[in-house]
Structure formats: C-alpha cells, structure tokens
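As stored in query33.tsv (TSV, C-alpha atoms (C1' of nucleotides)):
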chain	number	residue	atom	x	y	z
A	10	MET	CA	0.00	0.00	0.00
A	11	ARG	CA	1.33	3.36	-0.96
A	12	ILE	CA	2.51	5.90	1.60
A	13	SER	CA	1.07	9.29	0.81
A	14	GLU	CA	2.91	12.58	0.95
A	15	ALA	CA	1.48	13.64	4.31
A	16	GLU	CA	2.00	10.19	5.73
A	17	SER	CA	5.62	10.27	4.67
A	18	ARG	CA	6.18	13.32	6.86
A	19	VAL	CA	5.26	11.18	9.82
A	20	MET	CA	7.38	8.31	8.58
A	21	GLU	CA	10.36	10.64	8.33
A	22	ILE	CA	10.12	11.25	12.04
A	23	LEU	CA	10.10	7.56	12.76
A	24	TRP	CA	12.90	6.88	10.33
A	25	ARG	CA	15.07	9.57	11.84
A	26	LYS	CA	14.80	8.00	15.26
A	27	PRO	CA	14.39	4.25	15.12
A	28	SER	CA	13.56	3.95	18.80
A	29	LEU	CA	9.96	3.70	19.93
A	30	GLN	CA	8.12	6.99	19.99
A	31	SER	CA	4.83	8.01	21.48
A	32	ALA	CA	2.23	9.96	19.56
A	33	GLU	CA	3.16	12.92	21.68
A	34	ASP	CA	6.81	12.62	20.69
A	35	ILE	CA	5.84	12.54	17.07
A	36	VAL	CA	3.53	15.50	17.35
A	37	ALA	CA	6.32	17.41	19.05
A	38	ALA	CA	8.86	16.45	16.41
A	39	LEU	CA	6.53	17.56	13.65
A	40	ALA	CA	5.67	20.84	15.30
A	41	GLY	CA	8.69	22.53	13.81
A	42	GLU	CA	8.07	21.49	10.24
A	43	GLN	CA	4.38	20.94	9.83
A	44	ASP	CA	1.50	23.06	10.95
A	45	TRP	CA	-0.79	20.24	11.98
A	46	GLN	CA	-3.21	19.71	14.81
A	47	GLU	CA	-2.61	16.77	17.04
A	48	ALA	CA	-5.72	15.13	15.67
A	49	THR	CA	-4.26	15.22	12.19
A	50	VAL	CA	-1.13	13.41	13.27
A	51	LYS	CA	-3.24	10.80	15.05
A	52	THR	CA	-5.19	10.20	11.89
A	53	LEU	CA	-2.02	9.72	9.90
A	54	LEU	CA	-0.65	7.32	12.49
A	55	ASN	CA	-3.81	5.27	12.22
A	56	ARG	CA	-3.71	5.18	8.46
A	57	LEU	CA	-0.08	4.11	8.57
A	58	LEU	CA	-0.99	1.36	11.00
A	59	LYS	CA	-3.67	0.12	8.68
A	60	LYS	CA	-1.18	0.11	5.85
A	61	LYS	CA	1.26	-1.84	8.03
A	62	ALA	CA	3.88	0.80	7.44
A	63	ILE	CA	4.33	1.20	11.17
A	64	ALA	CA	3.71	-0.90	14.25
A	65	ALA	CA	2.49	0.07	17.68
A	66	GLU	CA	2.91	-1.56	21.02
A	67	ARG	CA	1.06	-0.74	24.15
A	68	ASP	CA	2.81	1.15	26.88
A	69	GLY	CA	0.25	1.43	29.63
A	70	ARG	CA	-2.43	3.78	28.57
A	71	ARG	CA	-0.84	4.75	25.27
A	72	TYR	CA	1.03	3.31	22.29
A	73	LEU	CA	4.61	3.51	21.16
A	74	TYR	CA	5.23	3.53	17.44
A	75	ARG	CA	8.04	2.44	15.20
A	76	ALA	CA	8.53	2.21	11.46
A	77	ILE	CA	8.16	-1.08	9.68
A	78	ALA	CA	8.49	0.16	6.12
A	79	LYS	CA	12.08	0.91	5.15
A	80	ARG	CA	12.97	4.41	4.09
A	81	GLY	CA	15.18	3.08	1.35
A	82	ASP	CA	12.30	1.17	-0.18
A	83	TYR	CA	10.05	4.18	-0.08
A	84	VAL	CA	12.67	6.48	-1.56
A	85	HIS	CA	13.43	3.93	-4.22
A	86	ALA	CA	9.83	3.37	-5.22
A	87	GLU	CA	9.13	7.07	-5.47
A	88	SER	CA	12.31	7.79	-7.37
A	89	LYS	CA	11.94	4.92	-9.76
A	90	SER	CA	8.40	5.92	-10.52
A	91	LEU	CA	9.55	9.42	-11.39
A	92	LEU	CA	12.42	8.20	-13.52
A	93	ASP	CA	10.11	5.84	-15.37
A	94	ARG	CA	7.50	8.46	-16.02
A	95	LEU	CA	9.79	11.28	-17.04
A	96	TYR	CA	13.22	10.06	-17.96
A	97	GLY	CA	12.79	6.74	-19.69
A	98	GLY	CA	13.67	4.97	-16.49
A	99	ARG	CA	17.29	6.09	-16.46
A	100	VAL	CA	19.28	8.35	-14.20
A	101	ALA	CA	21.51	10.06	-16.72
A	102	PRO	CA	18.75	12.08	-18.38
A	103	LEU	CA	17.76	13.46	-15.00
A	104	VAL	CA	21.29	14.54	-14.33
A	105	ALA	CA	21.39	16.09	-17.78
A	106	HIS	CA	18.18	17.94	-17.11
A	107	PHE	CA	19.45	19.49	-13.92
A	108	SER	CA	22.77	20.13	-15.49
A	109	GLU	CA	21.13	22.36	-18.05
A	110	ARG	CA	18.33	23.69	-16.02
A	111	SER	CA	19.07	24.66	-12.51
A	112	LYS	CA	22.78	24.31	-12.60
A	113	LEU	CA	24.27	21.69	-10.39
A	114	SER	CA	26.11	22.99	-7.37
A	115	LYS	CA	29.88	22.55	-7.11
A	116	LYS	CA	29.20	20.13	-4.35
A	117	ASP	CA	26.84	18.10	-6.51
A	118	ILE	CA	29.33	17.96	-9.33
A	119	ALA	CA	32.16	16.92	-7.07
A	120	GLU	CA	30.11	14.21	-5.46
A	121	ILE	CA	28.84	12.84	-8.69
A	122	ARG	CA	32.32	12.79	-10.15
A	123	ALA	CA	33.57	10.91	-7.13
A	124	LEU	CA	30.79	8.38	-7.51
A	125	ILE	CA	31.49	7.82	-11.14
A	126	GLU	CA	35.20	7.44	-10.61
A	127	GLU	CA	34.52	4.90	-7.96
A	128	LEU	CA	32.31	2.91	-10.26
A	129	ASP	CA	34.93	3.05	-12.98
A	130	ASN	CA	37.54	1.68	-10.64
A	131	GLU	CA	35.35	-1.20	-9.64
A	132	SER	CA	34.73	-2.63	-13.03
B	9	MET	CA	-2.47	24.41	-11.28
B	10	ARG	CA	-0.86	21.02	-11.07
B	11	ILE	CA	-1.00	18.52	-13.92
B	12	SER	CA	-2.01	15.13	-12.57
B	13	GLU	CA	-0.50	11.81	-13.51
B	14	ALA	CA	-3.29	10.80	-15.87
B	15	GLU	CA	-3.39	14.26	-17.39
B	16	SER	CA	0.32	14.11	-18.04
B	17	ARG	CA	-0.22	11.07	-20.25
B	18	VAL	CA	-2.32	13.25	-22.47
B	19	MET	CA	0.19	16.06	-22.32
B	20	GLU	CA	2.92	13.68	-23.45
B	21	ILE	CA	1.02	13.11	-26.65
B	22	LEU	CA	0.76	16.81	-27.29
B	23	TRP	CA	4.37	17.41	-26.36
B	24	ARG	CA	5.57	14.70	-28.70
B	25	LYS	CA	3.84	16.31	-31.62
B	26	PRO	CA	3.62	20.05	-31.31
B	27	SER	CA	1.23	20.43	-34.21
B	28	LEU	CA	-2.48	20.75	-33.62
B	29	GLN	CA	-4.23	17.49	-32.86
B	30	SER	CA	-7.86	16.54	-32.70
B	31	ALA	CA	-9.36	14.61	-29.82
B	32	GLU	CA	-9.54	11.66	-32.14
B	33	ASP	CA	-5.83	11.88	-32.90
B	34	ILE	CA	-5.07	11.94	-29.21
B	35	VAL	CA	-7.33	9.02	-28.43
B	36	ALA	CA	-5.63	7.08	-31.21
B	37	ALA	CA	-2.16	7.98	-30.01
B	38	LEU	CA	-3.03	6.88	-26.49
B	39	ALA	CA	-4.59	3.63	-27.58
B	40	GLY	CA	-1.28	1.85	-27.58
B	41	GLU	CA	-0.22	2.89	-24.12
B	42	GLN	CA	-3.30	3.49	-22.09
B	43	ASP	CA	-6.43	1.46	-21.79
B	44	TRP	CA	-8.87	4.32	-21.70
B	45	GLN	CA	-12.29	4.90	-23.13
B	46	GLU	CA	-12.69	7.86	-25.42
B	47	ALA	CA	-14.82	9.54	-22.80
B	48	THR	CA	-11.96	9.42	-20.34
B	49	VAL	CA	-9.62	11.17	-22.70
B	50	LYS	CA	-12.25	13.83	-23.34
B	51	THR	CA	-12.57	14.45	-19.65
B	52	LEU	CA	-8.83	14.85	-19.29
B	53	LEU	CA	-8.72	17.25	-22.22
B	54	ASN	CA	-11.37	19.35	-20.57
B	55	ARG	CA	-9.59	19.41	-17.26
B	56	LEU	CA	-6.38	20.41	-18.97
B	57	LEU	CA	-8.23	23.19	-20.75
B	58	LYS	CA	-9.55	24.48	-17.45
B	59	LYS	CA	-6.06	24.41	-16.05
B	60	LYS	CA	-4.84	26.32	-19.11
B	61	ALA	CA	-2.28	23.63	-19.73
B	62	ILE	CA	-3.56	23.27	-23.27
B	63	ALA	CA	-5.44	25.41	-25.74
B	64	ALA	CA	-8.07	24.48	-28.26
B	65	GLU	CA	-9.16	26.14	-31.43
B	66	ARG	CA	-12.23	25.39	-33.40
B	67	ASP	CA	-11.94	23.50	-36.66
B	68	GLY	CA	-15.44	23.31	-37.98
B	69	ARG	CA	-17.40	20.95	-35.86
B	70	ARG	CA	-14.55	19.91	-33.57
B	71	TYR	CA	-11.52	21.31	-31.77
B	72	LEU	CA	-7.83	21.03	-32.34
B	73	TYR	CA	-5.61	20.98	-29.29
B	74	ARG	CA	-2.06	22.00	-28.53
B	75	ALA	CA	0.04	22.18	-25.41
B	76	ILE	CA	0.59	25.46	-23.65
B	77	ALA	CA	2.45	24.19	-20.60
B	78	LYS	CA	6.07	23.35	-21.35
B	79	ARG	CA	7.27	19.82	-20.82
B	80	GLY	CA	10.50	21.08	-19.35
B	81	ASP	CA	8.66	23.04	-16.71
B	82	TYR	CA	6.54	20.07	-15.79
B	83	VAL	CA	9.48	17.72	-15.62
B	84	HIS	CA	11.41	20.21	-13.60
B	85	ALA	CA	8.67	20.85	-11.09
B	86	GLU	CA	8.05	17.16	-10.56
B	87	SER	CA	11.73	16.37	-10.27
B	88	LYS	CA	12.56	19.24	-7.98
B	89	SER	CA	9.71	18.33	-5.70
B	90	LEU	CA	11.02	14.80	-5.42
B	91	LEU	CA	14.58	15.92	-4.82
B	92	ASP	CA	13.42	18.34	-2.15
B	93	ARG	CA	11.32	15.78	-0.37
B	94	LEU	CA	13.74	12.89	-0.47
B	95	TYR	CA	17.26	14.02	-1.21
B	96	GLY	CA	17.73	17.34	0.50
B	97	GLY	CA	17.10	19.11	-2.77
B	98	ARG	CA	20.30	17.91	-4.42
B	99	VAL	CA	21.01	15.61	-7.33
B	100	ALA	CA	24.09	13.82	-6.08
B	101	PRO	CA	22.34	11.86	-3.34
B	102	LEU	CA	19.89	10.53	-5.87
B	103	VAL	CA	22.71	9.37	-8.08
B	104	ALA	CA	24.32	7.80	-5.05
B	105	HIS	CA	21.10	6.05	-4.17
B	106	PHE	CA	20.76	4.46	-7.59
B	107	SER	CA	24.41	3.73	-7.70
B	108	GLU	CA	24.05	1.52	-4.64
B	109	ARG	CA	20.60	0.28	-5.20
B	110	SER	CA	19.64	-0.70	-8.63
B	111	LYS	CA	23.01	-0.44	-10.26
B	112	LEU	CA	23.41	2.18	-12.91
B	113	SER	CA	23.66	0.87	-16.43
B	114	LYS	CA	26.89	1.21	-18.36
B	115	LYS	CA	25.11	3.66	-20.53
B	116	ASP	CA	24.05	5.73	-17.57
B	117	ILE	CA	27.54	5.81	-16.17
B	118	ALA	CA	29.07	6.77	-19.46
B	119	GLU	CA	26.59	9.54	-20.01
B	120	ILE	CA	26.95	10.94	-16.56
B	121	ARG	CA	30.71	10.89	-16.83
B	122	ALA	CA	30.52	12.75	-20.09
B	123	LEU	CA	28.25	15.35	-18.54
B	124	ILE	CA	30.55	15.90	-15.61
B	125	GLU	CA	33.62	16.18	-17.79
B	126	GLU	CA	31.86	18.73	-19.88
B	127	LEU	CA	30.98	20.76	-16.83
B	128	ASP	CA	34.55	20.59	-15.62
B	129	ASN	CA	35.84	21.88	-18.91
B	130	GLU	CA	33.52	24.82	-18.84
B	131	SER	CA	34.54	26.26	-15.56
C	28	DC	C1'	-36.99	16.76	-43.54
C	29	DA	C1'	-36.35	12.97	-40.28
C	30	DG	C1'	-33.14	10.01	-38.39
C	31	DT	C1'	-28.46	8.91	-37.02
C	32	DG	C1'	-23.94	9.47	-35.93
C	33	DT	C1'	-20.39	12.50	-33.95
C	34	DC	C1'	-18.56	16.13	-31.09
C	35	DG	C1'	-17.80	18.52	-27.00
C	36	DA	C1'	-20.08	19.54	-22.39
C	37	DT	C1'	-22.11	18.10	-18.33
C	38	DT	C1'	-22.84	15.00	-14.77
C	39	DA	C1'	-21.53	10.90	-12.00
C	40	DC	C1'	-19.30	8.40	-8.58
C	41	DG	C1'	-16.16	5.88	-5.60
C	42	DC	C1'	-11.64	6.39	-3.59
C	43	DG	C1'	-7.60	8.46	-1.43
C	44	DT	C1'	-5.98	12.45	0.81
C	45	DG	C1'	-5.50	16.41	3.81
C	46	DT	C1'	-7.28	18.15	7.65
C	47	DA	C1'	-9.78	17.86	11.62
C	48	DA	C1'	-13.61	17.42	15.44
C	49	DT	C1'	-15.93	14.40	18.35
C	50	DC	C1'	-16.63	10.10	21.03
C	51	DG	C1'	-15.72	6.62	24.32
C	52	DT	C1'	-12.74	4.79	27.66
C	53	DT	C1'	-9.66	4.69	31.16
C	54	DA	C1'	-6.43	6.61	34.66
C	55	DG	C1'	-5.55	9.67	37.98
C	56	DC	C1'	-6.94	13.33	41.23
C	57	DT	C1'	-9.84	15.07	44.96
D	8	DA	C1'	-16.93	7.64	44.15
D	9	DG	C1'	-17.22	11.24	40.94
D	10	DC	C1'	-14.85	14.45	37.82
D	11	DT	C1'	-11.52	15.58	34.67
D	12	DA	C1'	-7.83	15.03	31.58
D	13	DA	C1'	-5.61	12.39	28.27
D	14	DC	C1'	-5.50	8.73	24.77
D	15	DG	C1'	-6.73	6.25	20.85
D	16	DA	C1'	-10.84	5.26	17.77
D	17	DT	C1'	-14.42	6.77	15.03
D	18	DT	C1'	-16.56	9.91	12.12
D	19	DA	C1'	-16.55	14.01	9.03
D	20	DC	C1'	-15.99	16.45	5.02
D	21	DA	C1'	-14.38	18.85	0.91
D	22	DC	C1'	-11.45	18.22	-2.94
D	23	DG	C1'	-8.85	16.13	-6.66
D	24	DC	C1'	-8.40	12.20	-9.43
D	25	DG	C1'	-9.40	8.18	-12.31
D	26	DT	C1'	-12.75	6.53	-14.96
D	27	DA	C1'	-16.80	6.87	-17.38
D	28	DA	C1'	-21.86	7.43	-19.05
D	29	DT	C1'	-25.12	10.54	-20.62
D	30	DC	C1'	-26.80	14.83	-22.75
D	31	DG	C1'	-27.48	18.25	-26.11
D	32	DA	C1'	-26.30	20.34	-30.35
D	33	DC	C1'	-25.10	19.88	-34.99
D	34	DA	C1'	-24.11	17.89	-39.51
D	35	DC	C1'	-24.64	14.57	-42.75
D	36	DT	C1'	-27.48	10.85	-45.13
D	37	DG	C1'	-31.19	8.97	-47.29
Would you mind writing the file out in structure tokens?
Amino acid sequence: MRISEAESRVMEILWRKPSLQSAEDIVAALAGEQDWQEATVKTLLNRLLKKKAIAAERDGRRYLYRAIAKRGDYVHAESKSLLDRLYGGRVAPLVAHFSERSKLSKKDIAEIRALIEELDNES
Amino acid sequence: MRISEAESRVMEILWRKPSLQSAEDIVAALAGEQDWQEATVKTLLNRLLKKKAIAAERDGRRYLYRAIAKRGDYVHAESKSLLDRLYGGRVAPLVAHFSERSKLSKKDIAEIRALIEELDNES
DNA sequence: CAGTGTCGATTACGCGTGTAATCGTTAGCT
DNA sequence: AGCTAACGATTACACGCGTAATCGACACTG
C-alpha cells in the first residue's frame, strides 16, 4: 500500500529515530516542520498502522510507534516511478536535465564525479 | 495548477507532436499505451483546458488541441519536488542512491561521466 | 426533412488524501 | 466515588483524481 505525501512526513520522524516513539513525541517532532493539529497526526498514524507501514505496542495507557516500512524502499519506489514516467527509467537524463536547467552545485558535481570514478575503478 | 499523472499522459502526446491534434488523434495515439475509453480522454482534455495547460481552437465541428504548458517546466517541477522531499534538494544523493541500489547501467555511467567532464571543462 | 452518428459539455461516482472534530474509555486526582 | 484530563478510535468532510456514461447540439445521409 502506498505511503502518501502527508504520511511520509510522519514516517520521516520515525525513520530519523528508530527507537519507539509516542504519539506525543511525534507530534512534538513535527511541530517545527508541519502546521498540523494533534488530531491530524493521530489520523495519519492510524492510516499508517492500517497500511502496516508502522507498528504500535502498548505502553500502559498509550502506544509507542516504530517504522516497519524501510525508508530506502520508499525512496526507491518514489524515485523509480519518477524516472520511469519522465526520464525513460534512467538516471543520466535526469542529471542532464538538472545540469542544463538549474545548474548543479559545485558540491553536486564533485560528489557525482567521485561516484562515477569509484564505479569506474570497480569494473 | 498542477497537472495530474493521468493528465500528463495526455500532455505527453501533445508534447511529442507540437502540431495541432484533434481529440480523435489523441485518443488514437493513447490507444497503444493506455487502456482508456474515449470519454476518459475527453474528460482529461477538458480538465487540462480548465487548467490552461492546453489550448483548443475550433476546426469546424470539432476542436484542435495543442500544449501550452512546457514539458521542461513540468518535468522540472516534478523532479525538484522529489529531490526536495527525499534528497535534500540535491542531485548527487539521488545518483548515489541508484548507484548503490539498482546499479546504474553502463550507458548511464558513461553519459553521466561525459556530462561531468563537460561541466569541468567549462569552468 | 427525419433520423443517425459525432462532437464537445455536463454529470456521476467511488476512492484516497489532507485536515480535523468528536466520542468513548480509562487513569488519575480530589 | 465522581470528575476531569488524556488517549486512541471513530466519524466528518471537501477536494482532486481516475474513470466513465449521458446529454445536447449539430451535420450529414437517405
């Protein structure tokens, strides 16, 4: 089951801190980034539970939550879908696009070069 | 106004062929890729008109359509949004992700290397 | 000129999503 | 024991989207 945009904001909190977190913790962590009511966060937690993207275990009167879905899988699925839809499923055209369009930062260029060199050395 | 996934399938047809196209042309072009009824395509055309993503001009009893929105802008908006949400807004981490994950193709690597070299030569 | 086919326009409808408010239950306080 | 506060669960609701069917106006055919 797909994790929606809003839901992913909640997942990010859980991914950042793999320990168990209460709803209150999560609401607090989101407070900085998202302008949501507590009730909204609760709803999202419930939807994520239904989707089996997170798990909850009782801690007295409340629940503690943790991620089940892997961030890497989510990131990959989202990214691959974009590449497929817009770039023929390949990475290079995306790099080319940003190379022309928004100008890659020095940092980006350096990192990408390092990656490529590494791959060249491997093979 | 955002162009939805389904709508973008229609836009792709118009982007591929910048000349004016009738609804019938578009339905025909989509037939290979998408399993949609004619009515569905008509709906999408109307929604795109409302969003001003396309324009239509009368040709006797029917309309001929053309894209107004630019493919590059669409691709860029979608891509940037993904990079922002998942990769801190930068391209390199995405390349790194695919480098580890699904293995970049030879072709990808070669193309990216060429791009980087080109950028290095410029500056 | 009446019928029929063809367009675009209008209407439909269930589902996911974003965003919450409200309800019911239980734990703790007085 | 009764009241209140705090949780999670349930319910709400508008909107966009995917996917069409239906309607109304015209044009062509016989």
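CA of Leu22 (chain B) is positioned 28.5 Å from CA of Val99 (chain B).
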Just want the 12 Å neighbourhood of region 19-36 of chain D, counted on only C-alpha atoms (C1' of nucleotides), with same-chain residues fewer than 6 positions away dropped. Output as a PyMOL selection string. (chain B and resi 9-15+43-52+55+68-70) or (chain C and resi 28-49)
Which distance in Å separates CA of Leu123 (chain B) and CA of Glu108 (chain B), to one decimal?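 Taking CA of Leu123 (chain B) as the start and CA of Glu108 (chain B) as the end point, the length is 20.1 Å.
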May I have the residues of chain D within 9 Å of chain A, counting only C-alpha atoms (C1' of nucleotides), written as a short mmCIF file (atom, residue, chain, number, x, y, z; two decimals) with C-alpha atoms (C1' of nucleotides), in the coordinates of the input?
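Saved result, out16.cif, follows:
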data_model
loop_
_atom_site.label_atom_id
_atom_site.label_comp_id
_atom_site.auth_asym_id
_atom_site.auth_seq_id
_atom_site.Cartn_x
_atom_site.Cartn_y
_atom_site.Cartn_z
"C1'" DC D 14 -5.50 8.73 24.77
"C1'" DG D 15 -6.73 6.25 20.85
"C1'" DA D 16 -10.84 5.26 17.77
#
Per-residue nearest contacts chain B to chain A, cut-off 12 Å, using all atoms listed in the file, as a tab-separated table:
residue	atom	partner	partner_atom	distance
B:Glu13	CA	A:Arg94	CA	9.0
B:Ala14	CA	A:Arg94	CA	11.0
B:Ser16	CA	A:Arg94	CA	9.4
B:Arg17	CA	A:Arg94	CA	9.2
B:Met19	CA	A:Leu95	CA	12.0
B:Glu20	CA	A:Leu95	CA	9.7
B:Arg79	CA	A:Leu95	CA	9.7
B:Gly80	CA	A:His106	CA	8.6
B:Asp81	CA	A:Arg110	CA	9.7
B:Tyr82	CA	A:Leu95	CA	9.5
B:Val83	CA	A:Leu95	CA	6.6
B:His84	CA	A:His106	CA	8.0
B:Ala85	CA	A:Ser111	CA	11.2
B:Glu86	CA	A:Leu91	CA	7.9
B:Ser87	CA	A:Leu91	CA	7.4
B:Lys88	CA	A:Phe107	CA	9.1
B:Ser89	CA	A:Leu91	CA	10.6
B:Leu90	CA	A:Ser88	CA	7.4
B:Leu91	CA	A:Ser88	CA	8.8
B:Asp92	CA	A:Ser88	CA	11.8
B:Arg93	CA	A:Glu14	CA	9.1
B:Leu94	CA	A:Val84	CA	6.6
B:Tyr95	CA	A:Val84	CA	8.8
B:Gly96	CA	A:Asp117	CA	11.5
B:Gly97	CA	A:Asp117	CA	10.5
B:Arg98	CA	A:Asp117	CA	6.9
B:Val99	CA	A:Asp117	CA	6.4
B:Ala100	CA	A:Asp117	CA	5.1
B:Pro101	CA	A:Asp117	CA	8.3
B:Leu102	CA	A:Ser88	CA	8.2
B:Val103	CA	A:Ile121	CA	7.1
B:Ala104	CA	A:Leu124	CA	6.9
B:His105	CA	A:His85	CA	8.0
B:Phe106	CA	A:Val100	CA	7.8
B:Ser107	CA	A:Leu124	CA	7.9
B:Glu108	CA	A:Leu124	CA	10.0
B:Arg109	CA	A:His85	CA	8.1
B:Ser110	CA	A:His85	CA	8.9
B:Lys111	CA	A:Leu128	CA	9.9
B:Leu112	CA	A:Val100	CA	7.5
B:Ser113	CA	A:Arg99	CA	8.2
B:Lys114	CA	A:Asp129	CA	9.8
B:Lys115	CA	A:Ala101	CA	8.3
B:Asp116	CA	A:Ala101	CA	5.1
B:Ile117	CA	A:Ile125	CA	6.7
B:Ala118	CA	A:Ala101	CA	8.7
B:Glu119	CA	A:Ala101	CA	6.1
B:Ile120	CA	A:Ala101	CA	5.5
B:Arg121	CA	A:Ile125	CA	6.5
B:Ala122	CA	A:Ala101	CA	10.0
B:Leu123	CA	A:Ala105	CA	6.9
B:Ile124	CA	A:Arg122	CA	6.5
B:Glu125	CA	A:Arg122	CA	8.5
B:Glu126	CA	A:Ser108	CA	10.2
B:Leu127	CA	A:Ile118	CA	8.2
B:Asp128	CA	A:Ile118	CA	8.6
B:Ser131	CA	A:Lys115	CA	10.3
Would you work out the distance separating CA of Asp67 (chain B) from CA of Leu38 (chain B), expressed in Å to one decimal?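 Between these atoms lies a distance of 21.4 Å.
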Between B:Ser30, B:Ala37, B:Lys59, B:Lys25, which one has atoms that come closest to chain C, using only C-alpha atoms (C1' of nucleotides)? B:Ser30
